[in-house]
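Source file: target_12.txt; contents: compact mmCIF, C-alpha atoms.
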# COMPACT_ATOMS: atom_id res chain seq x y z
CA MET A 1 -12.42 -19.30 0.48
CA ARG A 2 -9.21 -20.76 1.85
CA GLY A 3 -7.63 -20.78 -1.62
CA PHE A 4 -8.54 -17.12 -2.07
CA LEU A 5 -7.01 -16.18 1.28
CA VAL A 6 -3.81 -18.12 0.51
CA ALA A 7 -3.50 -16.30 -2.83
CA PHE A 8 -4.35 -13.02 -1.12
CA ASP A 9 -1.65 -13.59 1.52
CA ARG A 10 0.88 -14.27 -1.24
CA LEU A 11 -0.10 -11.06 -3.02
CA VAL A 12 0.21 -9.11 0.24
CA GLY A 13 3.65 -10.67 0.82
CA ALA A 14 4.71 -9.79 -2.72
CA GLY A 15 3.63 -6.20 -2.09
CA GLY A 16 5.72 -6.12 1.07
CA GLY A 17 8.69 -7.52 -0.82
CA LEU A 18 8.24 -4.96 -3.59
CA CYS A 19 8.14 -2.21 -0.99
CA VAL A 20 11.38 -3.38 0.63
CA GLY A 21 13.13 -3.82 -2.71
CA LEU A 22 12.16 -0.36 -3.91
CA LEU A 23 13.18 1.27 -0.65
CA LEU A 24 16.57 -0.44 -0.89
CA LEU A 25 16.95 0.73 -4.48
CA LEU A 26 16.16 4.37 -3.68
CA PRO A 27 19.38 5.29 -1.80
CA VAL A 28 21.44 3.47 -4.43
CA LEU A 29 19.92 5.59 -7.22
CA ILE A 30 20.41 8.80 -5.27
CA THR A 31 23.99 7.90 -4.37
CA VAL A 32 24.88 7.10 -7.96
CA ASP A 33 23.31 10.36 -9.16
CA VAL A 34 25.10 12.46 -6.52
CA GLY A 35 28.38 10.63 -7.18
CA MET A 36 28.13 11.22 -10.91
CA ARG A 37 27.43 14.91 -10.35
CA SER A 38 30.32 15.24 -7.90
CA LEU A 39 32.72 13.58 -10.33
CA ARG A 40 31.35 15.76 -13.15
CA LEU A 41 30.30 12.69 -15.10
CA GLY A 42 26.87 14.13 -15.78
CA ALA A 43 23.61 13.57 -14.02
CA LEU A 44 20.71 11.18 -14.10
CA PRO A 45 17.79 13.60 -14.53
CA TRP A 46 15.23 10.83 -14.15
CA VAL A 47 16.33 9.90 -10.59
CA ILE A 48 14.17 12.56 -8.92
CA ASP A 49 11.08 11.40 -10.79
CA ALA A 50 11.97 7.76 -10.16
CA SER A 51 12.27 8.59 -6.45
CA GLU A 52 8.75 10.02 -6.43
CA TYR A 53 7.37 6.93 -8.15
CA ILE A 54 9.30 4.64 -5.80
CA LEU A 55 7.85 6.39 -2.75
CA TYR A 56 4.32 6.21 -4.19
CA VAL A 57 4.53 2.55 -5.20
CA SER A 58 6.31 1.42 -2.03
CA THR A 59 3.78 3.18 0.21
CA LEU A 60 0.82 1.62 -1.56
CA ALA A 61 2.36 -1.83 -2.01
CA GLY A 62 3.58 -1.96 1.58
CA ALA A 63 0.38 -0.75 3.28
CA PRO A 64 -1.56 -4.06 3.11
CA TRP A 65 1.54 -5.94 4.32
CA ALA A 66 2.04 -3.52 7.22
CA LEU A 67 -1.63 -3.88 8.19
CA GLN A 68 -1.45 -7.66 7.99
CA GLN A 69 1.67 -7.74 10.16
CA GLY A 70 0.21 -5.35 12.73
CA ALA A 71 3.01 -2.89 11.91
CA HIS A 72 0.64 -0.04 11.10
CA VAL A 73 -0.02 2.94 13.33
CA SER A 74 -2.49 2.16 16.08
CA ILE A 75 -3.34 3.70 19.41
CA ASP A 76 -3.10 0.85 21.88
CA ALA A 77 -2.81 3.03 25.00
CA LEU A 78 -6.56 3.64 25.04
CA MET A 79 -7.42 0.03 24.27
CA SER A 80 -5.22 -1.25 27.09
CA VAL A 81 -7.17 0.65 29.77
CA LEU A 82 -10.63 -0.25 28.46
CA PRO A 83 -12.43 -3.45 29.39
CA ASN A 84 -11.86 -6.22 26.83
CA ARG A 85 -15.46 -6.20 25.65
CA VAL A 86 -15.45 -2.43 24.99
CA SER A 87 -12.05 -2.64 23.33
CA ARG A 88 -13.29 -5.42 21.02
CA VAL A 89 -16.35 -3.39 20.01
CA ILE A 90 -14.23 -0.34 19.26
CA ARG A 91 -11.75 -2.39 17.22
CA ARG A 92 -14.56 -3.97 15.22
CA GLY A 93 -16.05 -0.52 14.57
CA VAL A 94 -12.68 0.79 13.41
CA HIS A 95 -12.21 -2.23 11.13
CA LEU A 96 -15.69 -1.75 9.68
CA MET A 97 -15.18 1.98 9.06
CA GLY A 98 -11.70 1.36 7.64
CA ALA A 99 -12.98 -1.31 5.28
CA ALA A 100 -15.82 0.97 4.13
CA VAL A 101 -13.45 3.89 3.49
CA CYS A 102 -10.99 1.64 1.63
CA LEU A 103 -13.80 0.22 -0.52
CA LEU A 104 -14.96 3.74 -1.33
CA LEU A 105 -11.40 4.73 -2.26
CA ALA A 106 -11.00 1.57 -4.35
CA TRP A 107 -14.20 2.37 -6.23
CA TRP A 108 -13.05 5.95 -6.77
CA GLY A 109 -9.66 4.67 -7.93
CA GLY A 110 -11.34 2.25 -10.32
CA VAL A 111 -13.33 5.08 -11.87
CA GLY A 112 -10.14 7.13 -12.18
CA THR A 113 -8.29 4.19 -13.71
CA ALA A 114 -11.01 3.69 -16.30
CA GLU A 115 -10.98 7.41 -17.14
CA ALA A 116 -7.17 7.43 -17.44
CA ILE A 117 -7.28 4.42 -19.77
CA SER A 118 -10.02 5.84 -21.98
CA ALA A 119 -8.42 9.32 -22.13
CA ARG A 120 -4.93 7.82 -22.54
CA THR A 121 -3.56 10.34 -20.07
CA MET A 122 0.16 10.53 -19.58
CA ILE A 123 2.40 11.89 -16.83
CA TYR A 124 4.96 14.17 -18.45
CA LYS A 125 8.14 14.60 -16.42
CA ALA A 126 11.72 13.51 -17.02
CA ILE A 127 10.12 10.07 -17.41
CA THR A 128 6.90 10.00 -19.44
CA LEU A 129 4.53 7.27 -18.28
CA PRO A 130 0.85 6.45 -18.70
CA GLU A 131 -1.22 7.48 -15.69
CA TRP A 132 -3.45 4.41 -15.48
CA PRO A 133 -0.96 1.96 -13.86
CA PHE A 134 -0.55 4.31 -10.89
CA ARG A 135 -4.30 4.64 -10.51
CA ALA A 136 -4.74 0.88 -10.91
CA LEU A 137 -2.17 0.24 -8.18
CA PHE A 138 -4.05 2.63 -5.90
CA THR A 139 -7.29 0.76 -6.64
CA LEU A 140 -5.73 -2.66 -6.03
CA CYS A 141 -4.06 -1.66 -2.77
CA MET A 142 -7.20 0.01 -1.38
CA ALA A 143 -9.14 -3.17 -2.21
CA MET A 144 -6.45 -5.24 -0.49
CA LEU A 145 -6.65 -3.04 2.61
CA ALA A 146 -10.44 -3.45 2.61
CA ILE A 147 -10.09 -7.25 2.37
CA GLU A 148 -7.60 -7.35 5.24
CA LEU A 149 -9.82 -5.14 7.40
CA ALA A 150 -12.83 -7.32 6.56
CA ARG A 151 -10.79 -10.37 7.55
CA ARG A 152 -10.02 -8.73 10.89
CA LEU A 153 -13.69 -7.90 11.29
CA ALA A 154 -14.69 -11.51 10.59
CA TYR A 155 -11.97 -13.30 12.56
CA GLY A 156 -10.73 -10.67 15.02
CA SER A 157 -7.39 -8.89 15.08
CA ALA A 158 -5.62 -11.26 17.45
CA GLU A 159 -6.64 -14.36 15.48
CA VAL A 160 -5.51 -12.83 12.18
CA LEU A 161 -2.20 -11.68 13.65
CA GLY A 162 -1.66 -15.08 15.26
CA ARG A 163 -2.26 -16.79 11.93
CA VAL A 164 0.20 -14.50 10.19
CA GLU A 165 2.86 -14.95 12.86
CA GLY A 166 2.39 -18.71 12.94
CA ALA A 167 2.59 -19.08 9.14
Could you render the structure as structure tokens?
Amino acid sequence: MRGFLVAFDRLVGAGGGLCVGLLLLLPVLITVDVGMRSLRLGALPWVIDASEYILYVSTLAGAPWALQQGAHVSIDALMSVLPNRVSRVIRRGVHLMGAAVCLLLAWWGGVGTAEAISARTMIYKAITLPEWPFRALFTLCMAMLAIELARRLAYGSAEVLGRVEGA
């Protein structure tokens, strides 16, 4: 199990790195496109589509990393006024429901990925791409979120965050 979690943590870290890299690339692409248009050197018609794909991929790839780092949206104001025992029960319930929803979404994404592969569907824009890699990424990232939420359920949020910070 430890080997799996080490590999999982590396995959989560790679997703976070991919997210950062893509988000750094995005303003460069837009700046180059706007600069070329301003200088009447032409345009890069694929930049708008690439921007959409970058936002999609970076959001999905970065979500498990943000959850693992505790950088996701959470409402701590309520938890801080509740007794520790009640707060722990609520957090565990939220982790359980989150993991269940993410597993359901991963399953749904897997079905969609299989359908996209078998139908050979394509996304036709300025850039023509097969649809299945985007669906597969969705499936993978939902599964990763479910694994991280299950880890929090098994070990507790504070222990997981302490392990990540101490690594």
### Query
Closest to Ala99 in chain A among A:Arg152, A:Arg2, A:Arg120, A:Arg85, using all atoms listed in the file?
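For Ala99 in chain A, the nearest of the given residues is A:Arg152.
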### Query
At what distance in Å, to one decimal, does CA of Ala61 in chain A lie from CA of Gly3 in chain A?
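Between these atoms lies a distance of 21.4 Å.
Counting all atoms listed in the file and comparing A:Leu67, A:Val28, A:Ala106, A:Met36, the residue that lies closest to Ala50 in chain A is A:Val28.
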### Message
Quick one: residues within 10 Å of Leu23 in chain A, all atoms listed in the file, excluding same-chain residues fewer than 2 positions away - as a PyMOL selection string?
### Response
chain A and resi 17-21+25-28+51+54-55+57-59
### Residue among A:Gly156, A:Glu131, A:Ala100, A:Leu41 lying closest to Ser87 in chain A, counting all atoms listed in the file
A:Gly156
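Comparing A:Ala154, A:Val47, A:Ala146, A:Leu22 by their smallest distance to Gly98 in chain A, the closest is A:Ala146 (using all atoms listed in the file).
When CA of Arg10 in chain A is paired with CA of Ala150 in chain A, their separation reads 17.2 Å.
Here CA of Gly42 in chain A is placed at a distance of 15.2 Å from CA of Ala126 in chain A.
For the set A:Gly93, A:Arg88, A:Arg135, A:Ile30, the residue with the smallest atom-to-atom gap to Ile123 in chain A is A:Arg135, counting only C-alpha atoms.
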### Task
Using only C-alpha atoms, pick whichever of A:Cys141, A:Val32, A:Ala136, A:Leu153 has the shortest atom-to-atom distance to Ile117 in chain A.
A:Ala136
Completion of range 54-80 of chain A up to N, CA, C and O atoms, as an mmCIF file, in the coordinates of the input:
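Full text of result-v2.cif as output:
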data_model
loop_
_atom_site.group_PDB
_atom_site.id
_atom_site.type_symbol
_atom_site.label_atom_id
_atom_site.label_comp_id
_atom_site.auth_asym_id
_atom_site.auth_seq_id
_atom_site.Cartn_x
_atom_site.Cartn_y
_atom_site.Cartn_z
ATOM 1 N N ILE A 54 8.923 5.675 -6.771
ATOM 2 C CA ILE A 54 9.300 4.640 -5.800
ATOM 3 C C ILE A 54 8.582 4.863 -4.477
ATOM 4 O O ILE A 54 8.057 3.915 -3.874
ATOM 5 N N LEU A 55 8.533 6.098 -4.013
ATOM 6 C CA LEU A 55 7.850 6.390 -2.750
ATOM 7 C C LEU A 55 6.349 6.108 -2.853
ATOM 8 O O LEU A 55 5.740 5.550 -1.930
ATOM 9 N N TYR A 56 5.752 6.464 -3.976
ATOM 10 C CA TYR A 56 4.320 6.210 -4.190
ATOM 11 C C TYR A 56 4.033 4.718 -4.214
ATOM 12 O O TYR A 56 3.167 4.218 -3.482
ATOM 13 N N VAL A 57 4.768 3.985 -5.042
ATOM 14 C CA VAL A 57 4.530 2.550 -5.200
ATOM 15 C C VAL A 57 4.842 1.803 -3.900
ATOM 16 O O VAL A 57 4.084 0.928 -3.480
ATOM 17 N N SER A 58 5.942 2.140 -3.253
ATOM 18 C CA SER A 58 6.310 1.420 -2.030
ATOM 19 C C SER A 58 5.303 1.676 -0.905
ATOM 20 O O SER A 58 4.984 0.766 -0.136
ATOM 21 N N THR A 59 4.789 2.885 -0.819
ATOM 22 C CA THR A 59 3.780 3.180 0.210
ATOM 23 C C THR A 59 2.522 2.370 -0.024
ATOM 24 O O THR A 59 1.987 1.742 0.903
ATOM 25 N N LEU A 60 2.040 2.369 -1.268
ATOM 26 C CA LEU A 60 0.820 1.620 -1.560
ATOM 27 C C LEU A 60 1.029 0.116 -1.449
ATOM 28 O O LEU A 60 0.218 -0.592 -0.850
ATOM 29 N N ALA A 61 2.113 -0.390 -2.016
ATOM 30 C CA ALA A 61 2.360 -1.830 -2.010
ATOM 31 C C ALA A 61 2.626 -2.345 -0.604
ATOM 32 O O ALA A 61 2.273 -3.478 -0.266
ATOM 33 N N GLY A 62 3.238 -1.526 0.230
ATOM 34 C CA GLY A 62 3.580 -1.960 1.580
ATOM 35 C C GLY A 62 2.461 -1.815 2.594
ATOM 36 O O GLY A 62 2.494 -2.447 3.650
ATOM 37 N N ALA A 63 1.453 -1.002 2.308
ATOM 38 C CA ALA A 63 0.380 -0.750 3.280
ATOM 39 C C ALA A 63 -0.395 -2.016 3.653
ATOM 40 O O ALA A 63 -0.594 -2.273 4.848
ATOM 41 N N PRO A 64 -0.844 -2.841 2.697
ATOM 42 C CA PRO A 64 -1.560 -4.060 3.110
ATOM 43 C C PRO A 64 -0.665 -5.013 3.924
ATOM 44 O O PRO A 64 -1.121 -5.637 4.880
ATOM 45 N N TRP A 65 0.605 -5.090 3.565
ATOM 46 C CA TRP A 65 1.540 -5.940 4.320
ATOM 47 C C TRP A 65 1.698 -5.420 5.742
ATOM 48 O O TRP A 65 1.655 -6.193 6.699
ATOM 49 N N ALA A 66 1.885 -4.101 5.889
ATOM 50 C CA ALA A 66 2.040 -3.520 7.220
ATOM 51 C C ALA A 66 0.787 -3.758 8.064
ATOM 52 O O ALA A 66 0.885 -4.107 9.254
ATOM 53 N N LEU A 67 -0.385 -3.618 7.468
ATOM 54 C CA LEU A 67 -1.630 -3.880 8.190
ATOM 55 C C LEU A 67 -1.707 -5.340 8.601
ATOM 56 O O LEU A 67 -2.032 -5.661 9.748
ATOM 57 N N GLN A 68 -1.384 -6.234 7.690
ATOM 58 C CA GLN A 68 -1.450 -7.660 7.990
ATOM 59 C C GLN A 68 -0.487 -8.062 9.105
ATOM 60 O O GLN A 68 -0.800 -8.906 9.930
ATOM 61 N N GLN A 69 0.667 -7.424 9.147
ATOM 62 C CA GLN A 69 1.670 -7.740 10.160
ATOM 63 C C GLN A 69 1.415 -7.020 11.484
ATOM 64 O O GLN A 69 2.134 -7.254 12.452
ATOM 65 N N GLY A 70 0.455 -6.125 11.522
ATOM 66 C CA GLY A 70 0.210 -5.350 12.730
ATOM 67 C C GLY A 70 1.252 -4.261 12.916
ATOM 68 O O GLY A 70 1.448 -3.772 14.022
ATOM 69 N N ALA A 71 1.936 -3.880 11.838
ATOM 70 C CA ALA A 71 3.010 -2.890 11.910
ATOM 71 C C ALA A 71 2.508 -1.493 11.538
ATOM 72 O O ALA A 71 3.304 -0.593 11.346
ATOM 73 N N HIS A 72 1.215 -1.326 11.436
ATOM 74 C CA HIS A 72 0.640 -0.040 11.100
ATOM 75 C C HIS A 72 0.498 0.804 12.376
ATOM 76 O O HIS A 72 0.669 0.307 13.478
ATOM 77 N N VAL A 73 0.164 2.052 12.194
ATOM 78 C CA VAL A 73 -0.020 2.940 13.330
ATOM 79 C C VAL A 73 -1.337 2.598 14.015
ATOM 80 O O VAL A 73 -2.385 2.505 13.378
ATOM 81 N N SER A 74 -1.270 2.391 15.309
ATOM 82 C CA SER A 74 -2.490 2.160 16.080
ATOM 83 C C SER A 74 -2.300 2.784 17.462
ATOM 84 O O SER A 74 -1.171 2.970 17.919
ATOM 85 N N ILE A 75 -3.388 3.092 18.089
ATOM 86 C CA ILE A 75 -3.340 3.700 19.410
ATOM 87 C C ILE A 75 -3.782 2.659 20.419
ATOM 88 O O ILE A 75 -4.970 2.490 20.682
ATOM 89 N N ASP A 76 -2.811 1.931 20.954
ATOM 90 C CA ASP A 76 -3.100 0.850 21.880
ATOM 91 C C ASP A 76 -3.223 1.325 23.322
ATOM 92 O O ASP A 76 -3.734 0.594 24.173
ATOM 93 N N ALA A 77 -2.756 2.537 23.620
ATOM 94 C CA ALA A 77 -2.810 3.030 25.000
ATOM 95 C C ALA A 77 -4.262 3.076 25.488
ATOM 96 O O ALA A 77 -4.555 2.642 26.599
ATOM 97 N N LEU A 78 -5.159 3.572 24.656
ATOM 98 C CA LEU A 78 -6.560 3.640 25.040
ATOM 99 C C LEU A 78 -7.149 2.246 25.181
ATOM 100 O O LEU A 78 -7.855 1.954 26.149
ATOM 101 N N MET A 79 -6.857 1.385 24.246
ATOM 102 C CA MET A 79 -7.420 0.030 24.270
ATOM 103 C C MET A 79 -6.951 -0.764 25.495
ATOM 104 O O MET A 79 -7.679 -1.609 25.997
ATOM 105 N N SER A 80 -5.756 -0.492 25.964
ATOM 106 C CA SER A 80 -5.220 -1.250 27.090
ATOM 107 C C SER A 80 -5.899 -0.908 28.410
ATOM 108 O O SER A 80 -5.879 -1.708 29.342
#
